[in-house]
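Next comes data.csv, with CSV, C-alpha atoms and all ligand atoms.
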chain,number,residue,atom,x,y,z
K,1,GLY,CA,24.7,22.0,1.6
K,2,ARG,CA,21.8,19.6,1.8
K,3,SER,CA,19.1,20.5,4.2
K,4,ILE,CA,18.2,18.4,7.2
K,5,HIS,CA,14.8,18.1,5.6
K,6,GLN,CA,16.1,16.3,2.5
K,7,ILE,CA,18.1,13.9,4.6
K,8,GLN,CA,15.4,13.1,7.1
K,9,SER,CA,12.8,12.6,4.4
K,10,GLY,CA,14.5,9.3,3.6
K,11,GLN,CA,12.2,7.9,6.3
K,12,VAL,CA,9.0,7.4,4.4
K,13,ILE,CA,10.1,7.7,0.7
K,14,VAL,CA,13.0,5.3,0.3
K,15,ASP,CA,12.4,4.0,-3.2
K,16,LEU,CA,10.0,3.9,-6.1
K,17,ASN,CA,7.8,1.4,-4.3
K,18,SER,CA,7.2,3.8,-1.4
K,19,VAL,CA,6.2,6.6,-3.8
K,20,ALA,CA,3.6,4.4,-5.4
K,21,LYS,CA,2.4,3.1,-2.1
K,22,GLU,CA,2.0,6.5,-0.5
K,23,LEU,CA,0.2,8.0,-3.5
K,24,VAL,CA,-2.2,5.1,-4.0
K,25,GLU,CA,-3.0,5.1,-0.3
K,26,ASN,CA,-3.8,8.8,-0.4
K,27,ALA,CA,-6.1,8.2,-3.3
K,28,LEU,CA,-7.9,5.4,-1.4
K,29,ASP,CA,-8.1,7.6,1.7
K,30,ALA,CA,-9.7,10.3,-0.5
K,31,GLY,CA,-12.5,7.8,-1.3
K,32,ALA,CA,-11.5,7.3,-5.0
K,33,THR,CA,-13.3,4.7,-7.0
K,34,ALA,CA,-10.9,5.0,-10.0
K,35,ILE,CA,-7.2,5.3,-9.7
K,36,GLU,CA,-4.8,5.6,-12.6
K,37,VAL,CA,-1.1,5.1,-12.1
K,38,ARG,CA,1.1,6.3,-14.9
K,39,PHE,CA,4.8,5.5,-15.1
K,40,LYS,CA,7.2,7.1,-17.6
K,41,ASN,CA,10.4,5.2,-18.3
K,42,ASN,CA,9.5,2.6,-15.6
K,43,GLY,CA,9.1,5.4,-13.1
K,44,LEU,CA,12.6,6.9,-13.6
K,45,ASP,CA,11.2,9.9,-15.4
K,46,SER,CA,7.9,10.2,-13.5
K,47,ILE,CA,5.1,8.6,-11.6
K,48,GLU,CA,1.7,10.1,-11.6
K,49,VAL,CA,-1.3,9.0,-9.6
K,50,GLN,CA,-4.7,10.3,-10.6
K,51,ASP,CA,-7.8,9.7,-8.6
K,52,ASN,CA,-11.5,10.7,-8.7
K,53,GLY,CA,-11.6,11.2,-5.0
K,54,SER,CA,-12.7,14.1,-2.8
K,55,GLY,CA,-10.1,16.6,-4.1
K,56,ILE,CA,-8.3,19.0,-1.8
K,57,ALA,CA,-10.0,22.0,-0.1
K,58,PRO,CA,-8.5,25.4,-0.9
K,59,GLU,CA,-8.0,26.0,2.8
K,60,ASP,CA,-5.6,23.1,2.9
K,61,PHE,CA,-3.4,24.2,0.0
K,62,ASP,CA,-1.0,26.2,2.2
K,63,HIS,CA,0.0,23.5,4.7
K,64,LEU,CA,-0.8,20.4,2.7
K,65,ALA,CA,2.9,19.5,2.1
K,66,LEU,CA,4.3,20.7,5.3
K,67,LYS,CA,5.9,18.1,7.5
K,68,HIS,CA,3.5,16.4,9.8
K,69,TYR,CA,0.4,18.0,8.3
K,70,THR,CA,-2.4,15.4,8.0
K,71,SER,CA,-6.1,15.9,7.7
K,72,LYS,CA,-6.7,12.4,8.9
K,73,LEU,CA,-5.9,12.2,12.5
K,74,SER,CA,-7.6,14.6,15.0
K,75,SER,CA,-6.0,13.2,18.1
K,76,TYR,CA,-3.5,10.6,19.1
K,77,ASP,CA,-6.4,8.5,20.5
K,78,ASP,CA,-7.6,8.1,16.9
K,79,LEU,CA,-4.7,5.8,16.2
K,80,GLY,CA,-6.4,2.7,17.6
K,81,SER,CA,-9.5,3.1,15.5
K,82,LEU,CA,-7.7,4.3,12.4
K,83,HIS,CA,-9.5,3.5,9.2
K,84,THR,CA,-7.3,5.5,6.8
K,85,PHE,CA,-3.9,4.4,5.5
K,86,GLY,CA,-2.3,7.7,6.2
K,87,PHE,CA,-1.9,9.5,9.5
K,88,ARG,CA,1.7,10.9,9.7
K,89,GLY,CA,1.6,13.6,7.1
K,90,GLU,CA,5.0,12.8,5.8
K,91,ALA,CA,4.6,11.6,2.3
K,92,LEU,CA,3.9,14.8,0.4
K,93,SER,CA,6.5,16.7,2.5
K,94,SER,CA,9.1,14.1,1.7
K,95,LEU,CA,8.2,14.1,-2.0
K,96,CYS,CA,8.7,17.9,-2.2
K,97,ALA,CA,12.2,17.4,-0.9
K,98,LEU,CA,13.1,14.5,-3.1
K,99,SER,CA,11.5,15.1,-6.5
K,100,ARG,CA,10.1,17.7,-8.9
K,101,PHE,CA,6.6,17.6,-7.6
K,102,HIS,CA,3.2,19.1,-8.2
K,103,ILE,CA,-0.4,18.5,-7.6
K,104,ILE,CA,-3.6,19.2,-9.7
K,105,THR,CA,-6.8,19.0,-7.7
K,106,ALA,CA,-10.4,19.8,-8.2
K,107,ARG,CA,-13.5,19.3,-6.1
K,108,ALA,CA,-17.0,18.5,-7.4
K,109,ALA,CA,-18.1,22.1,-6.7
K,110,ASP,CA,-15.3,23.6,-8.8
K,111,GLY,CA,-16.9,22.6,-12.2
K,112,PRO,CA,-14.4,21.8,-14.9
K,113,LYS,CA,-11.7,23.9,-13.3
K,114,GLY,CA,-9.0,22.8,-10.9
K,115,THR,CA,-5.9,24.2,-9.3
K,116,LYS,CA,-2.3,23.3,-10.0
K,117,LEU,CA,-0.2,23.5,-6.8
K,118,GLU,CA,3.6,24.0,-6.8
K,119,PHE,CA,5.8,23.7,-3.8
K,120,ASP,CA,9.3,24.6,-2.6
K,121,PRO,CA,11.5,21.7,-1.5
K,122,SER,CA,10.6,22.6,2.1
K,123,GLY,CA,6.9,21.8,1.3
K,124,LYS,CA,5.9,25.5,1.4
K,125,LEU,CA,3.3,26.4,-1.2
K,126,ARG,CA,5.1,28.3,-4.0
K,127,GLY,CA,2.2,29.2,-6.2
K,128,THR,CA,-1.2,28.1,-7.6
K,129,SER,CA,-2.7,28.4,-11.1
K,130,VAL,CA,-6.0,27.6,-12.6
K,131,VAL,CA,-6.1,24.6,-14.9
K,132,ALA,CA,-8.7,22.4,-16.6
K,133,ALA,CA,-9.4,19.3,-14.4
K,134,LYS,CA,-12.0,16.7,-13.5
K,135,GLN,CA,-12.9,16.0,-9.9
K,136,GLY,CA,-10.1,14.4,-8.0
K,137,THR,CA,-6.4,14.7,-7.5
K,138,THR,CA,-3.4,14.1,-9.6
K,139,VAL,CA,0.0,13.9,-7.9
K,140,VAL,CA,3.0,14.1,-10.2
K,141,VAL,CA,6.4,13.0,-9.1
K,142,GLU,CA,9.2,13.7,-11.6
K,143,SER,CA,12.9,12.8,-11.4
K,144,LEU,CA,12.8,11.1,-8.1
K,145,PHE,CA,16.0,11.7,-6.1
K,146,TYR,CA,17.2,14.3,-8.7
K,147,ASN,CA,19.0,16.2,-5.9
K,148,LEU,CA,20.6,13.2,-4.2
K,149,PRO,CA,23.1,12.0,-6.9
K,150,VAL,CA,24.0,8.7,-5.1
K,151,ARG,CA,20.5,7.6,-4.6
K,152,ARG,CA,19.6,8.7,-8.2
K,153,LYS,CA,22.4,6.6,-9.6
K,154,GLU,CA,21.3,3.6,-7.5
K,155,LEU,CA,17.7,4.0,-8.8
K,156,GLU,CA,18.9,4.2,-12.4
K,157,ARG,CA,21.0,1.0,-11.8
K,158,THR,CA,18.1,-1.0,-10.2
K,159,ILE,CA,15.1,0.5,-12.0
K,160,LYS,CA,14.1,-2.8,-13.8
K,161,ARG,CA,13.9,-4.6,-10.5
K,162,GLU,CA,12.3,-1.7,-8.7
K,163,TYR,CA,9.6,-1.4,-11.4
K,164,LYS,CA,8.8,-5.1,-11.1
K,165,LYS,CA,8.5,-4.7,-7.3
K,166,VAL,CA,6.2,-1.7,-7.7
K,167,LEU,CA,3.9,-3.6,-10.1
K,168,ASN,CA,3.6,-6.4,-7.5
K,169,LEU,CA,2.6,-3.9,-4.9
K,170,LEU,CA,0.1,-2.4,-7.2
K,171,HIS,CA,-1.3,-5.9,-8.0
K,172,ALA,CA,-2.0,-6.2,-4.3
K,173,TYR,CA,-3.8,-2.9,-3.9
K,174,ALA,CA,-5.8,-3.7,-7.1
K,175,CYS,CA,-6.8,-7.1,-5.8
K,176,ILE,CA,-7.9,-6.1,-2.4
K,177,SER,CA,-9.6,-2.8,-3.3
K,178,VAL,CA,-13.1,-4.0,-4.1
K,179,GLY,CA,-15.1,-1.5,-6.2
K,180,VAL,CA,-12.1,0.5,-7.2
K,181,LYS,CA,-11.0,0.6,-10.8
K,182,PHE,CA,-7.2,0.5,-11.2
K,183,THR,CA,-5.4,1.3,-14.4
K,184,VAL,CA,-1.6,1.1,-14.5
K,185,SER,CA,0.3,2.2,-17.6
K,186,ASN,CA,3.9,2.8,-18.6
K,187,GLN,CA,5.5,4.8,-21.3
K,188,ILE,CA,9.0,4.1,-22.4
K,189,PRO,CA,11.0,7.0,-24.0
K,190,LYS,CA,9.8,7.6,-27.5
K,191,GLY,CA,7.4,4.7,-27.2
K,192,LYS,CA,3.7,4.8,-26.8
K,193,LYS,CA,1.9,4.5,-23.6
K,194,THR,CA,0.9,0.9,-22.8
K,195,VAL,CA,-1.6,-0.3,-20.2
K,196,VAL,CA,0.3,-2.8,-18.0
K,197,PHE,CA,-2.8,-4.0,-16.2
K,198,ALA,CA,-6.3,-2.8,-15.4
K,199,THR,CA,-9.2,-3.9,-13.2
K,200,GLN,CA,-12.8,-3.1,-13.6
K,201,SER,CA,-14.9,-1.7,-10.8
K,202,ASN,CA,-15.4,-5.3,-9.5
K,203,PRO,CA,-17.7,-6.3,-6.6
K,204,ASN,CA,-15.2,-8.8,-5.2
K,205,ILE,CA,-11.6,-9.9,-4.9
K,206,ARG,CA,-12.2,-12.9,-7.2
K,207,GLU,CA,-12.9,-10.7,-10.2
K,208,ASN,CA,-10.0,-8.4,-9.3
K,209,ILE,CA,-7.7,-11.4,-9.4
K,210,ALA,CA,-9.1,-12.4,-12.8
K,211,ASN,CA,-8.4,-8.9,-14.2
K,212,VAL,CA,-4.9,-8.7,-12.7
K,213,TYR,CA,-3.6,-12.3,-13.2
K,214,GLY,CA,-5.9,-13.6,-15.9
K,215,ALA,CA,-8.7,-16.1,-16.0
K,216,LYS,CA,-6.3,-19.0,-16.3
K,217,THR,CA,-4.7,-18.2,-12.9
K,218,LEU,CA,-8.2,-17.8,-11.4
K,219,GLN,CA,-9.2,-21.3,-12.5
K,220,ALA,CA,-6.3,-22.8,-10.6
K,221,LEU,CA,-7.4,-21.1,-7.3
K,222,ILE,CA,-9.6,-22.2,-4.5
K,223,PRO,CA,-11.2,-20.0,-1.9
K,224,LEU,CA,-9.4,-19.7,1.4
K,225,ASP,CA,-11.5,-19.2,4.5
K,226,LEU,CA,-10.0,-20.2,7.8
K,227,HIS,CA,-11.4,-19.4,11.2
K,228,PHE,CA,-9.4,-20.3,14.3
K,229,GLU,CA,-8.5,-19.4,17.8
K,230,MET,CA,-4.8,-18.8,18.2
K,231,ASN,CA,-3.1,-21.4,20.3
K,232,PRO,CA,-2.2,-19.8,23.6
K,233,SER,CA,1.5,-19.1,23.7
K,234,LYS,CA,4.0,-17.2,25.8
K,235,ARG,CA,4.0,-13.6,24.8
K,236,PRO,CA,6.2,-10.8,25.9
K,237,GLY,CA,4.9,-9.3,29.1
K,238,SER,CA,2.4,-12.0,29.7
K,239,THR,CA,4.3,-13.3,32.7
K,240,GLN,CA,3.3,-10.4,34.8
K,241,SER,CA,-0.4,-11.1,34.5
K,242,ALA,CA,-2.1,-14.2,35.9
K,243,PRO,CA,-1.6,-16.9,33.2
K,244,ASN,CA,-5.1,-18.5,33.5
K,245,ARG,CA,-7.1,-15.4,33.5
K,246,SER,CA,-7.4,-13.6,30.2
K,247,THR,CA,-9.0,-10.3,29.8
K,248,PRO,CA,-11.8,-9.6,27.3
K,249,ALA,CA,-9.3,-7.8,25.1
K,250,ASP,CA,-7.1,-11.0,25.1
K,251,GLU,CA,-10.1,-13.1,24.1
K,252,ALA,CA,-11.0,-10.8,21.3
K,253,SER,CA,-7.5,-10.7,19.9
K,254,ARG,CA,-7.3,-14.5,19.7
K,255,GLY,CA,-10.0,-15.1,17.1
K,256,VAL,CA,-8.5,-15.1,13.6
K,257,ARG,CA,-10.1,-15.3,10.2
K,258,ILE,CA,-8.1,-15.6,7.0
K,259,VAL,CA,-9.9,-15.1,3.7
K,260,GLY,CA,-8.8,-15.0,0.2
K,261,TYR,CA,-7.6,-17.4,-2.5
K,262,ILE,CA,-4.8,-19.9,-2.8
K,263,SER,CA,-3.7,-22.3,-5.6
K,264,ARG,CA,-5.4,-25.6,-5.7
K,265,PRO,CA,-2.8,-28.1,-4.4
K,266,VAL,CA,-1.2,-30.0,-7.3
K,267,HIS,CA,1.4,-32.7,-6.9
K,268,GLY,CA,4.7,-32.3,-8.7
K,269,GLU,CA,7.5,-30.1,-9.2
K,270,GLY,CA,7.2,-26.4,-9.0
K,271,ARG,CA,9.1,-23.3,-8.0
K,272,GLN,CA,8.1,-20.9,-5.4
K,273,ASN,CA,6.9,-17.6,-6.9
K,274,PRO,CA,6.9,-14.8,-4.3
K,275,ASP,CA,5.6,-12.4,-6.9
K,276,ARG,CA,2.2,-14.1,-6.6
K,277,GLN,CA,1.9,-14.0,-2.9
K,278,MET,CA,0.0,-11.2,-1.4
K,279,PHE,CA,-0.7,-10.6,2.3
K,280,PHE,CA,-3.0,-8.2,4.0
K,281,VAL,CA,-3.9,-7.5,7.6
K,282,ASN,CA,-7.5,-6.1,7.7
K,283,THR,CA,-7.1,-5.3,4.0
K,284,ARG,CA,-3.9,-3.3,4.6
K,285,PRO,CA,-1.2,-4.7,2.2
K,286,CYS,CA,1.9,-5.7,4.1
K,287,THR,CA,4.9,-8.0,4.0
K,288,LEU,CA,4.6,-11.0,6.3
K,289,PRO,CA,7.6,-13.2,5.5
K,290,GLN,CA,6.9,-15.6,8.3
K,291,VAL,CA,3.3,-16.1,7.3
K,292,ALA,CA,4.4,-16.7,3.7
K,293,LYS,CA,6.9,-19.2,4.9
K,294,ALA,CA,4.2,-21.1,6.9
K,295,PHE,CA,2.1,-21.4,3.7
K,296,ASN,CA,5.1,-22.5,1.6
K,297,GLU,CA,6.2,-25.0,4.1
K,298,VAL,CA,2.8,-26.7,4.3
K,299,TYR,CA,2.7,-27.0,0.5
K,300,LYS,CA,6.2,-28.3,0.5
K,301,SER,CA,5.5,-30.9,3.2
K,302,PHE,CA,2.8,-32.4,1.1
K,303,ASN,CA,5.1,-32.5,-1.9
K,304,ILE,CA,2.8,-30.1,-3.6
K,305,ALA,CA,4.0,-27.9,-6.4
K,306,GLN,CA,5.8,-25.2,-4.4
K,307,SER,CA,4.4,-22.2,-6.1
K,308,PRO,CA,1.2,-21.4,-4.3
K,309,PHE,CA,-0.6,-18.3,-5.4
K,310,ILE,CA,-1.7,-16.7,-2.2
K,311,CYS,CA,-4.0,-13.8,-1.7
K,312,ALA,CA,-4.7,-13.9,2.1
K,313,ASP,CA,-6.4,-11.2,4.2
K,314,ILE,CA,-5.8,-11.8,7.9
K,315,LYS,CA,-8.7,-10.5,9.9
K,316,LEU,CA,-7.4,-9.6,13.3
K,317,ASP,CA,-8.6,-7.6,16.3
K,318,THR,CA,-6.9,-4.1,16.0
K,319,ASN,CA,-5.3,-4.8,19.4
K,320,ALA,CA,-3.5,-7.8,18.0
K,321,TYR,CA,-1.0,-5.9,15.8
K,322,ASP,CA,0.8,-2.7,15.4
K,323,VAL,CA,1.2,-0.9,12.0
K,324,ASN,CA,3.1,1.9,13.6
K,325,VAL,CA,6.5,0.2,13.7
K,326,SER,CA,8.0,1.4,10.4
K,327,PRO,CA,7.6,4.7,8.6
K,328,ASP,CA,6.2,2.9,5.5
K,329,LYS,CA,3.7,1.0,7.6
K,330,ARG,CA,4.4,-2.1,5.5
K,331,THR,CA,6.0,-3.9,8.3
K,332,ILE,CA,3.3,-5.0,10.7
K,333,LEU,CA,4.0,-6.4,14.1
K,334,LEU,CA,1.8,-9.3,15.0
K,335,HIS,CA,1.9,-9.5,18.8
K,336,ASP,CA,1.1,-13.2,18.7
K,337,GLN,CA,2.9,-14.2,15.6
K,338,SER,CA,4.2,-17.6,16.8
K,339,ALA,CA,0.7,-18.6,18.0
K,340,LEU,CA,-0.8,-17.5,14.7
K,341,LEU,CA,1.8,-19.4,12.7
K,342,GLU,CA,1.2,-22.6,14.7
K,343,SER,CA,-2.5,-22.4,14.3
K,344,LEU,CA,-2.3,-21.5,10.7
K,345,LYS,CA,-0.1,-24.5,9.9
K,346,SER,CA,-2.4,-27.0,11.6
K,347,GLU,CA,-5.5,-25.4,10.0
K,348,LEU,CA,-3.9,-25.6,6.5
N,401,LIG,P1,-1.2,11.5,5.4
N,401,LIG,O1,-1.7,10.6,4.3
N,401,LIG,O2,-0.5,10.8,6.5
N,401,LIG,O3,-2.3,12.5,5.9
N,401,LIG,P2,0.3,12.8,3.3
N,401,LIG,O4,1.6,13.6,3.3
N,401,LIG,O5,0.3,11.5,2.5
N,401,LIG,O6,-0.1,12.5,4.8
N,401,LIG,O7,-0.8,13.8,2.8
N,401,LIG,C1,-1.0,15.0,3.4
N,401,LIG,C2,-2.5,15.5,3.3
N,401,LIG,O8,-2.7,15.8,1.9
N,401,LIG,C3,-3.5,14.4,3.6
N,401,LIG,O9,-3.8,14.4,5.0
N,401,LIG,C4,-4.7,14.9,2.7
N,401,LIG,O10,-5.4,15.9,3.4
N,401,LIG,C5,-4.0,15.5,1.5
N,401,LIG,N1,-4.0,14.6,0.4
N,401,LIG,C6,-2.9,13.9,-0.1
N,401,LIG,N2,-3.2,13.2,-1.2
N,401,LIG,C7,-4.5,13.4,-1.5
N,401,LIG,C8,-5.5,13.0,-2.5
N,401,LIG,N3,-5.1,12.1,-3.4
N,401,LIG,N4,-6.8,13.4,-2.4
N,401,LIG,C9,-7.1,14.3,-1.4
N,401,LIG,N5,-6.3,14.8,-0.5
N,401,LIG,C10,-5.0,14.3,-0.5
N,402,MG,MG,-0.6,9.6,3.0
Written as structure tokens, how would this file's structure read?
Ligand code: ADP
Ligand code: MG
Amino acid sequence: GRSIHQIQSGQVIVDLNSVAKELVENALDAGATAIEVRFKNNGLDSIEVQDNGSGIAPEDFDHLALKHYTSKLSSYDDLGSLHTFGFRGEALSSLCALSRFHIITARAADGPKGTKLEFDPSGKLRGTSVVAAKQGTTVVVESLFYNLPVRRKELERTIKREYKKVLNLLHAYACISVGVKFTVSNQIPKGKKTVVFATQSNPNIRENIANVYGAKTLQALIPLDLHFEMNPSKRPGSTQSAPNRSTPADEASRGVRIVGYISRPVHGEGRQNPDRQMFFVNTRPCTLPQVAKAFNEVYKSFNIAQSPFICADIKLDTNAYDVNVSPDKRTILLHDQSALLESLKSEL
């Protein structure tokens, strides 16, 4: 029978997208300045993420992939001031249960040698061996869902769409990660490896966008820089406190800044292209369908081509949202979403 572990691991690794997301975030958390994502057969055969970050310390090898092991959170109080993407220690453990998985890691002190780590499906370290490696970590995920036939079939059936989705997600990480060189490649069976897109180690988002989407797209963009106070609105729980007296925390959470790039408004026909709309909250990529809708509606109401390119980083007080609502942390709960949307529309 299937172990509880394999079933519960559906939480954080649900598809190809979540694999890429977790591995790229781990690379960024490790302080990488170069990240290479290699797909084979659109990810169906394998996904590898190589970084030049800190590497993994030998004393962590044993428990690295055990459920809930994380080196990033020393106490629950840290959650509020969290500056890493990861904090649950679930990704590697899930990947052990859901794929053929191994890691190669080397630290600066190790010279040209690194260690290959292999794990049991439970996340227990099965064995190590010495291999040639540069500083950093390579995580290899082969045959995702090989042991869950229904999910594997589903992945095979939807792989083209999944792969496209994953590229959009990687576009977002590549655009927002200033100073990090991204290279994404794919190798189709019996074909040669092709670079899908690459960024240089750019000092700003603008140049990242040029690398990812091309200079022509960039020419059609204008900088986005909005500052506003959110319009006061009813929010859950606020009835208990005196309505006219806001606490300092309330004040802080009302100031919003949105920076990035959007398409220059052009009159005429056009189609909405959600593939070119990226949202971030304090540089964390996330899906914000309501915010996307607000932008699209404004463009539409002015009869402007309805395909705005959007790269928008919403700078908010950390009290104003919660990333801890879904296992993949891609769904962010904005406590004052309706106030934000109203203010955003009038600002736009
Ligand atoms: P989390 O990111 O929530 O800590 P993960 O399961 O993603 O949990 O990773 C577990 C641990 O493995 C991390 O806390 C970190 O110590 C280590 N780790 C994972 N990926 C890398 C990497 N690319 N470079 C260095 N350490 C890593
Ligand atoms: Mg992680």
Please build the interface table for chain K against ligand LIG 401 (chain N) with a cut-off of 6 Å, listing for each qualifying residue the nearest atom pair and the distance in Å to one decimal; count only C-alpha atoms and all ligand atoms, order rows by chain and increasing number, and write it as JSON lines.
{"residue": "K:Asn26", "atom": "CA", "partner": "N:LIG401", "partner_atom": "N2", "distance": 4.5}
{"residue": "K:Ala27", "atom": "CA", "partner": "N:LIG401", "partner_atom": "N3", "distance": 4.0}
{"residue": "K:Ala30", "atom": "CA", "partner": "N:LIG401", "partner_atom": "N4", "distance": 4.7}
{"residue": "K:Gly53", "atom": "CA", "partner": "N:LIG401", "partner_atom": "N4", "distance": 5.9}
{"residue": "K:Ser54", "atom": "CA", "partner": "N:LIG401", "partner_atom": "C9", "distance": 5.8}
{"residue": "K:Gly55", "atom": "CA", "partner": "N:LIG401", "partner_atom": "C9", "distance": 4.6}
{"residue": "K:Ile56", "atom": "CA", "partner": "N:LIG401", "partner_atom": "N5", "distance": 4.8}
{"residue": "K:Leu64", "atom": "CA", "partner": "N:LIG401", "partner_atom": "O8", "distance": 5.0}
{"residue": "K:Tyr69", "atom": "CA", "partner": "N:LIG401", "partner_atom": "C1", "distance": 5.9}
{"residue": "K:Thr70", "atom": "CA", "partner": "N:LIG401", "partner_atom": "O9", "distance": 3.5}
{"residue": "K:Ser71", "atom": "CA", "partner": "N:LIG401", "partner_atom": "O9", "distance": 3.9}
{"residue": "K:Lys72", "atom": "CA", "partner": "N:LIG401", "partner_atom": "O9", "distance": 5.3}
{"residue": "K:Gly86", "atom": "CA", "partner": "N:LIG401", "partner_atom": "O1", "distance": 3.5}
{"residue": "K:Phe87", "atom": "CA", "partner": "N:LIG401", "partner_atom": "O2", "distance": 3.6}
{"residue": "K:Arg88", "atom": "CA", "partner": "N:LIG401", "partner_atom": "O2", "distance": 3.9}
{"residue": "K:Gly89", "atom": "CA", "partner": "N:LIG401", "partner_atom": "O6", "distance": 3.1}
{"residue": "K:Glu90", "atom": "CA", "partner": "N:LIG401", "partner_atom": "O4", "distance": 4.3}
{"residue": "K:Ala91", "atom": "CA", "partner": "N:LIG401", "partner_atom": "O4", "distance": 3.7}
{"residue": "K:Leu92", "atom": "CA", "partner": "N:LIG401", "partner_atom": "O4", "distance": 3.9}
{"residue": "K:Ser93", "atom": "CA", "partner": "N:LIG401", "partner_atom": "O4", "distance": 5.9}
{"residue": "K:Thr137", "atom": "CA", "partner": "N:LIG401", "partner_atom": "N3", "distance": 5.0}
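Here atom CA of K:Tyr163 stands at a distance of 15.5 Å from atom CA of K:Phe145.
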Item to complete: Please measure the separation of atom CA of K:Ser185 and atom CA of K:Phe39, giving the value in Å to one decimal.
Response: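 Atom CA of K:Phe39 lies 6.1 Å from atom CA of K:Ser185.
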Discussion item. Residues within 6 Å of stretch 224-230 of chain K, please, as a list of chain:residue names. Count all atoms listed in the file; anything in the same chain fewer than 2 positions from it doesn't count.
Written reply: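 Close residues of stretch 224-230 of chain K: K:Arg254, K:Gly255, K:Val256, K:Arg257, K:Ile258, K:Val259, K:Gly260, K:Tyr261, K:Ala339, K:Leu340, K:Ser343.
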Worksheet item: Mind pulling up the distance from atom CA of K:Glu36 to atom CA of K:Arg152?
Response: 25.0 Å
Item to complete: Have a look at K:Asp275, K:Glu297, K:Asp313, K:Asp51 and name the one nearest to K:Thr183; count all atoms listed in the file.
Response: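 For K:Thr183, the nearest of the candidates is K:Asp51.
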Item to complete: Find the residues near K:Leu221: any atom within 6 Å, counting only C-alpha atoms, skip ones fewer than 5 places away on the same chain, and give them as number ranges by chain.
Response: K: 262-264
Convert the current residue selection to file output with C-alpha atoms, as an mmCIF file, keeping the file's coordinate frame.
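Okay, part05.cif is ready:
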data_model
loop_
_atom_site.group_PDB
_atom_site.id
_atom_site.type_symbol
_atom_site.label_atom_id
_atom_site.label_comp_id
_atom_site.auth_asym_id
_atom_site.auth_seq_id
_atom_site.Cartn_x
_atom_site.Cartn_y
_atom_site.Cartn_z
ATOM 1 C CA ILE K 262 -4.800 -19.900 -2.800
ATOM 2 C CA SER K 263 -3.700 -22.300 -5.600
ATOM 3 C CA ARG K 264 -5.400 -25.600 -5.700
#
Worksheet item: Closest to K:Ala34 among K:Lys293, K:His335, K:Lys153, K:Lys181, using all atoms listed in the file?
Response: K:Lys181
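Closest approach to ligand MG 402 (chain N) among K:Asn52, K:Thr33, K:Thr283, K:Thr84 is made by K:Thr84 (distances from only C-alpha atoms and all ligand atoms).
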Practice prompt. Using only C-alpha atoms, find the one residue out of K:Ala133, K:Pro285, K:Arg126, K:Val140 that sits nearest to K:Glu25.
Written response: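 Smallest separation from K:Glu25 among the options: K:Pro285.
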Worksheet item: Which of these residues is nearest to ligand MG 402 (chain N), using all atoms listed in the file: K:His267, K:Arg151, K:Lys67, K:Lys190?
Response: K:Lys67
Fill in: For stretch 192-199 of chain K: contacts at 12 Å, only C-alpha atoms, fewer than 6 positions along chain excluded, given as a PyMOL selection string
chain K and resi 33-42+163-164+166-168+170-186+205-214
Please save C-alpha atoms of the selected residues as a compact mmCIF listing (two decimals), in the coordinates of the input.
# COMPACT_ATOMS: atom_id res chain seq x y z
CA THR K 33 -13.30 4.70 -7.00
CA ALA K 34 -10.90 5.00 -10.00
CA ILE K 35 -7.20 5.30 -9.70
CA GLU K 36 -4.80 5.60 -12.60
CA VAL K 37 -1.10 5.10 -12.10
CA ARG K 38 1.10 6.30 -14.90
CA PHE K 39 4.80 5.50 -15.10
CA LYS K 40 7.20 7.10 -17.60
CA ASN K 41 10.40 5.20 -18.30
CA ASN K 42 9.50 2.60 -15.60
CA TYR K 163 9.60 -1.40 -11.40
CA LYS K 164 8.80 -5.10 -11.10
CA VAL K 166 6.20 -1.70 -7.70
CA LEU K 167 3.90 -3.60 -10.10
CA ASN K 168 3.60 -6.40 -7.50
CA LEU K 170 0.10 -2.40 -7.20
CA HIS K 171 -1.30 -5.90 -8.00
CA ALA K 172 -2.00 -6.20 -4.30
CA TYR K 173 -3.80 -2.90 -3.90
CA ALA K 174 -5.80 -3.70 -7.10
CA CYS K 175 -6.80 -7.10 -5.80
CA ILE K 176 -7.90 -6.10 -2.40
CA SER K 177 -9.60 -2.80 -3.30
CA VAL K 178 -13.10 -4.00 -4.10
CA GLY K 179 -15.10 -1.50 -6.20
CA VAL K 180 -12.10 0.50 -7.20
CA LYS K 181 -11.00 0.60 -10.80
CA PHE K 182 -7.20 0.50 -11.20
CA THR K 183 -5.40 1.30 -14.40
CA VAL K 184 -1.60 1.10 -14.50
CA SER K 185 0.30 2.20 -17.60
CA ASN K 186 3.90 2.80 -18.60
CA ILE K 205 -11.60 -9.90 -4.90
CA ARG K 206 -12.20 -12.90 -7.20
CA GLU K 207 -12.90 -10.70 -10.20
CA ASN K 208 -10.00 -8.40 -9.30
CA ILE K 209 -7.70 -11.40 -9.40
CA ALA K 210 -9.10 -12.40 -12.80
CA ASN K 211 -8.40 -8.90 -14.20
CA VAL K 212 -4.90 -8.70 -12.70
CA TYR K 213 -3.60 -12.30 -13.20
CA GLY K 214 -5.90 -13.60 -15.90
Discussion item. Just checking: using only C-alpha atoms and all ligand atoms, which residue out of K:Leu316, K:Val139, K:Leu117, K:Val131 ends up closest to ligand MG 402 (chain N)?
Written reply: K:Val139
Worksheet item: So which residues fall inside 12 Å of (-16.2, 26.3, -10.0) if we count all atoms listed in the file? Mind giving them as a PyMOL selection string?
Response: chain K and resi 58+106-115+130-135
